[in-house]
Amino acid sequence: MSLVSPVISLPDELSQKSVKLGIMASGSGTNFEAVAQAIADKQLNAEIKVLIYNNPQAKVKSRAEKWQVPSVLINHREYRQREALDQKIVNTLQEYDVQWVVMAGWMRIVTKVLLDNFPDRIINIHPSLLPSFKGINAIEQAFRAQVKITGCTVHLVNLEVDSGQIIMQAAVPILSDDTLETLHARIQVQEHLILPQAISLAVNNCPDN
Ligand code: GAR
């Protein structure tokens, strides 16, 4: 259940600009799957050109295989400096002709190297109502703070962690019998709804895309 659902009307798929996406993910990949499904359902006019993942064991890789999306492992442990890691990521995104980048559970801090190559074209999803509960373990932070409402945010990425321009949010109440797991599950339901919509909003409102 969401307390506040985004109430906006999006253009139908045919009147949306088509966009070539690169998705970066570190974990399970349910948000990757939500974007792929929205494209298949013609709710989002996009193509996922490549998945970049940084953990060899990440489940998201098998989701990419299922959707026949090429995936590239770029393991951060092999790079001493964040800039070198980001340069490798940029090279890969350019090789796959990516226009917009979506961080769908990417758990690394990004540098100017990535930002300068995709200015205002990097989107992140974060499991809290920003600007509250930035950083890691955002769901747990909200749970421990005993707030009554939390949620998720899709925003543009800038150099400050979880601080770029907000594109879309959904609120999720914390119920008295919630556990971290039940809360996490309800937040993810909302993430899967707003991420494809937010991608469409950002791309279609960008004048020189
Ligand atoms: C999502 O809940 C996303 O909001 C979070 O990682 C999860 C990835 O789930 N991102 C962050 O915490 C970024 N700071 P998924 O792998 O199932 O898409």
# chains A, B, ... in the order shown; residues from 1 in each chain; ligands from 1
$ closest_atom_pairs --of "chain A" --to "ligand 1" --cutoff "7 Å" --atoms "only C-alpha atoms and all ligand atoms" --output "CSV"
residue,atom,partner,partner_atom_place_in_ligand_line,distance
A:Ala25,CA,ligand 1,16 (O),6.5
A:Ser26,CA,ligand 1,16 (O),6.5
A:Gly27,CA,ligand 1,16 (O),4.3
A:Ser28,CA,ligand 1,16 (O),3.7
A:Gly29,CA,ligand 1,16 (O),3.5
A:Thr30,CA,ligand 1,17 (O),3.6
A:Asn31,CA,ligand 1,18 (O),3.7
A:Phe32,CA,ligand 1,18 (O),5.9
A:Val60,CA,ligand 1,16 (O),6.8
A:Ala104,CA,ligand 1,18 (O),5.3
A:Gly105,CA,ligand 1,6 (O),3.6
A:Trp106,CA,ligand 1,13 (C),5.9
A:Met107,CA,ligand 1,13 (C),5.6
A:Ile125,CA,ligand 1,4 (O),4.9
A:His126,CA,ligand 1,4 (O),3.8
A:Pro127,CA,ligand 1,4 (O),4.0
A:Gly135,CA,ligand 1,14 (N),5.6
A:Ile136,CA,ligand 1,14 (N),5.5
A:Asn137,CA,ligand 1,12 (O),6.5
A:Ala138,CA,ligand 1,12 (O),6.4
A:Cys152,CA,ligand 1,4 (O),6.8
A:Gln188,CA,ligand 1,2 (O),5.8
A:Glu191,CA,ligand 1,4 (O),6.9
$ residues_around --residues "Asn75 (chain A)" --least-positions-apart "5" --cutoff "12 Å" --atoms "only C-alpha atoms" --output "PyMOL selection string"
chain A and resi 24-26+52-58+80+82+84-86+88-89+108
$ atom_distance --atom1 "CA of Lys49 (chain A)" --atom2 "CA of Val69 (chain A)"
6.6 Å
$ select_by_dssp --residues "region 13-125 of chain A" --states "strand (DSSP E or B)" --output "NGL selection string"
:A and (19-25 or 46-53 or 71-73 or 100-103 or 122-125)
$ atom_distance --atom1 "CA of Leu115 (chain A)" --atom2 "CA of Asn45 (chain A)"
23.7 Å
$ residues_around --residues "region 90-101 of chain A" --least-positions-apart "3" --cutoff "8 Å" --atoms "only C-alpha atoms" --output "PyMOL selection string"
chain A and resi 19-24+49-50+86-87+113-114+117-118+121-123
$ residues_around --residues "Leu159 (chain A)" --least-positions-apart "3" --cutoff "9 Å" --atoms "only C-alpha atoms" --output "PyMOL selection string"
chain A and resi 109-112+115+162-164
$ write_last_selection --atoms "N, CA and C atoms" --output "CSV table (one decimal), in the first residue's frame"
chain,number,residue,atom,x,y,z
A,109,ILE,N,29.9,4.9,-4.7
A,109,ILE,CA,29.9,6.3,-4.9
A,109,ILE,C,30.5,6.7,-6.3
A,110,VAL,N,29.9,7.6,-7.0
A,110,VAL,CA,30.4,7.9,-8.3
A,110,VAL,C,31.3,9.2,-8.3
A,111,THR,N,32.1,9.3,-9.3
A,111,THR,CA,33.0,10.4,-9.4
A,111,THR,C,32.6,11.3,-10.6
A,112,LYS,N,33.4,12.4,-10.7
A,112,LYS,CA,33.2,13.4,-11.8
A,112,LYS,C,33.4,12.7,-13.2
A,115,LEU,N,30.1,11.4,-14.1
A,115,LEU,CA,29.1,12.5,-14.2
A,115,LEU,C,29.4,13.4,-15.4
A,162,ASP,N,23.1,10.9,-2.9
A,162,ASP,CA,21.7,10.9,-2.8
A,162,ASP,C,21.1,12.4,-2.6
A,163,SER,N,21.7,13.3,-3.4
A,163,SER,CA,21.3,14.7,-3.2
A,163,SER,C,20.9,15.4,-4.5
A,164,GLY,N,20.9,14.7,-5.7
A,164,GLY,CA,20.5,15.4,-6.9
A,164,GLY,C,19.0,15.6,-7.0
$ select_by_dssp --residues "region 27-175 of chain A" --states "alpha helix (DSSP H)" --output "NGL selection string"
:A and (30-40 or 60-66 or 82-95 or 112-117 or 138-145)
$ atom_distance --atom1 "CA of Met168 (chain A)" --atom2 "CA of Cys206 (chain A)"
15.1 Å
$ decode --residues "region 135-158 of chain A" --atoms "N, CA, C and O atoms" --output "short mmCIF file (atom, residue, chain, number, x, y, z; two decimals), in the first residue's frame"
data_model
loop_
_atom_site.label_atom_id
_atom_site.label_comp_id
_atom_site.auth_asym_id
_atom_site.auth_seq_id
_atom_site.Cartn_x
_atom_site.Cartn_y
_atom_site.Cartn_z
N GLY A 135 22.34 7.56 2.03
CA GLY A 135 23.42 6.60 2.25
C GLY A 135 22.95 5.16 2.34
O GLY A 135 21.85 4.83 1.89
N ILE A 136 23.78 4.32 2.95
CA ILE A 136 23.46 2.88 2.97
C ILE A 136 22.43 2.57 4.07
O ILE A 136 22.22 3.35 4.99
N ASN A 137 21.78 1.42 3.92
CA ASN A 137 20.81 0.93 4.90
C ASN A 137 19.69 1.94 5.17
O ASN A 137 19.27 2.14 6.31
N ALA A 138 19.21 2.57 4.10
CA ALA A 138 18.21 3.63 4.27
C ALA A 138 16.91 3.10 4.89
O ALA A 138 16.27 3.79 5.69
N ILE A 139 16.53 1.89 4.52
CA ILE A 139 15.27 1.34 5.06
C ILE A 139 15.42 1.11 6.56
O ILE A 139 14.55 1.48 7.36
N GLU A 140 16.56 0.58 6.93
CA GLU A 140 16.83 0.33 8.35
C GLU A 140 16.92 1.65 9.12
O GLU A 140 16.41 1.77 10.24
N GLN A 141 17.54 2.65 8.51
CA GLN A 141 17.63 3.95 9.18
C GLN A 141 16.24 4.49 9.50
O GLN A 141 15.98 4.97 10.60
N ALA A 142 15.34 4.41 8.53
CA ALA A 142 13.98 4.92 8.74
C ALA A 142 13.24 4.09 9.79
O ALA A 142 12.54 4.62 10.65
N PHE A 143 13.42 2.79 9.71
CA PHE A 143 12.76 1.87 10.64
C PHE A 143 13.20 2.16 12.07
O PHE A 143 12.39 2.31 12.98
N ARG A 144 14.52 2.31 12.25
CA ARG A 144 15.06 2.56 13.59
C ARG A 144 14.66 3.95 14.11
O ARG A 144 14.51 4.16 15.30
N ALA A 145 14.50 4.89 13.20
CA ALA A 145 14.13 6.25 13.61
C ALA A 145 12.65 6.33 14.01
O ALA A 145 12.19 7.35 14.51
N GLN A 146 11.91 5.24 13.74
CA GLN A 146 10.49 5.15 14.10
C GLN A 146 9.65 6.23 13.43
O GLN A 146 8.68 6.72 14.02
N VAL A 147 10.05 6.59 12.21
CA VAL A 147 9.18 7.50 11.46
C VAL A 147 7.94 6.71 11.02
O VAL A 147 7.95 5.49 10.99
N LYS A 148 6.88 7.43 10.74
CA LYS A 148 5.63 6.74 10.37
C LYS A 148 5.50 6.56 8.87
O LYS A 148 4.71 5.76 8.39
N ILE A 149 6.22 7.38 8.13
CA ILE A 149 6.15 7.28 6.67
C ILE A 149 7.57 7.30 6.11
O ILE A 149 8.37 8.17 6.48
N THR A 150 7.84 6.35 5.25
CA THR A 150 9.08 6.42 4.48
C THR A 150 8.72 6.19 3.02
O THR A 150 7.60 6.52 2.63
N GLY A 151 9.61 5.65 2.21
CA GLY A 151 9.23 5.46 0.81
C GLY A 151 10.44 5.29 -0.07
O GLY A 151 11.45 4.71 0.33
N CYS A 152 10.33 5.82 -1.29
CA CYS A 152 11.45 5.70 -2.23
C CYS A 152 11.49 6.94 -3.12
O CYS A 152 10.47 7.63 -3.29
N THR A 153 12.67 7.18 -3.65
CA THR A 153 12.91 8.39 -4.44
C THR A 153 13.71 8.03 -5.69
O THR A 153 14.68 7.27 -5.61
N VAL A 154 13.31 8.60 -6.82
CA VAL A 154 14.15 8.53 -8.02
C VAL A 154 14.67 9.94 -8.26
O VAL A 154 13.90 10.90 -8.26
N HIS A 155 15.98 10.05 -8.45
CA HIS A 155 16.58 11.39 -8.58
C HIS A 155 17.74 11.37 -9.55
O HIS A 155 18.30 10.30 -9.85
N LEU A 156 18.10 12.56 -10.03
CA LEU A 156 19.32 12.68 -10.84
C LEU A 156 20.52 12.57 -9.92
O LEU A 156 20.44 12.97 -8.75
N VAL A 157 21.59 12.06 -10.45
CA VAL A 157 22.80 11.87 -9.63
C VAL A 157 23.73 13.08 -9.79
O VAL A 157 23.94 13.57 -10.90
N ASN A 158 24.24 13.56 -8.66
CA ASN A 158 25.32 14.56 -8.70
C ASN A 158 26.43 14.09 -7.76
O ASN A 158 26.39 12.96 -7.26
#
